[in-house]
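S.K.: The structure's right below; bear with me while I get my questions together.
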Amino acid sequence: METKPEPLRPDMFDDPDCSAGLQPFRFGDKWSGMVMRCLEDGRRRFSELRVALHRVTPKVLTETLRAMEREGFVKRTAYDENPPRVEYELTALGRSALQPMNAACDWARTHRPELVAARDADPEYGRG
């Protein structure tokens, strides 16, 4: 029997070292890296993903998951139940992207002061 992963925390992405705004590298679209983090411990239902990704609209999360499925990073499994149940999980290809993503996150943590200083010095940053 497969072990169910721990529930996702609503504040999962509130850590200033991991904030989406500080990541100089992007995996897929704006939200794909965060989806990968949510799925790295096992399969999840859409409603579980919404807990940690509460800043993403359901429409955008659906579009992100569909794009990740098309690109081969995520597997979607629909169960013929009432009510219907759908789960998402990383494929082997998606799992293989976790290592370079971790390296990019480690680099960003190491260089956080320089990244913040550069952005603070740019009067155009944050506009638009």
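Labeling convention for the structure tokens: chains A, B, ... as they appear, residues from 1 per chain, ligands from 1 in order of appearance.
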Which residues come within 9 Å of A:Glu40, counting only C-alpha atoms, excluding same-chain residues fewer than 4 positions away, as an mmCIF file with C-alpha atoms, in the first residue's frame?
M.R.:
```
data_model
loop_
_atom_site.group_PDB
_atom_site.id
_atom_site.type_symbol
_atom_site.label_atom_id
_atom_site.label_comp_id
_atom_site.auth_asym_id
_atom_site.auth_seq_id
_atom_site.Cartn_x
_atom_site.Cartn_y
_atom_site.Cartn_z
ATOM 1 C CA VAL A 35 3.652 22.576 -8.679
ATOM 2 C CA MET A 36 6.715 20.338 -8.904
ATOM 3 C CA GLU A 89 1.950 13.023 -9.978
ATOM 4 C CA LEU A 90 5.398 13.707 -11.356
ATOM 5 C CA GLY A 94 9.426 15.507 -13.965
ATOM 6 C CA ARG A 95 11.385 13.871 -11.149
ATOM 7 C CA LEU A 98 14.063 18.202 -9.357
#
```
S.K.: Which neighbours of stretch 67-84 of chain A fall inside 12 Å, counting only C-alpha atoms, when residues of the same chain fewer than 5 positions from it are skipped, and could you give them as a ChimeraX atom specification?
M.R.: /A:27-36,38-40,42-46,60-62,89-98
S.K.: Taking only C-alpha atoms into account, which of A:Glu87, A:Arg37, A:Lys59, A:Ser47 comes nearest A:Gln99?
M.R.: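 Looking only at the distances to A:Gln99, the closest residue turns out to be A:Arg37.
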S.K.: Hey, which of A:Thr110, A:Met101, A:Val86, A:Arg9 ends up closest to A:Ala52? Count only C-alpha atoms.
M.R.: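 When distances to A:Ala52 are compared using only C-alpha atoms, the smallest one comes from A:Arg9.
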S.K.: What is the distance between atom CA of A:Ala103 and atom CA of A:Leu115, in Å to one decimal?
M.R.: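 Rounded to one decimal, the two atoms are 16.2 Å apart.
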S.K.: How far is it from atom CA of A:Pro58 to atom CA of A:Asp41, in Å with one decimal?
M.R.: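 Taking atom CA of A:Pro58 as the start and atom CA of A:Asp41 as the end point, the length is 21.7 Å.
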S.K.: Out of A:Ala118, A:Glu48, A:His54, A:Leu65, which residue has the shortest atom-to-atom distance to A:Phe13 when counting only C-alpha atoms?
M.R.: A:His54
S.K.: Looking only at the backbone, which of the residues in stretch 3-125 of chain A does DSSP tag as alpha helix (DSSP H), as a ChimeraX atom specification?
M.R.: /A:32-39,46-52,58-70,92-96,98-110,112-121
S.K.: Using Å and a single decimal, report how far atom CA of A:Leu8 sits from atom CA of A:Asn102.
M.R.: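 Separation between atom CA of A:Asn102 and atom CA of A:Leu8: 18.7 Å.
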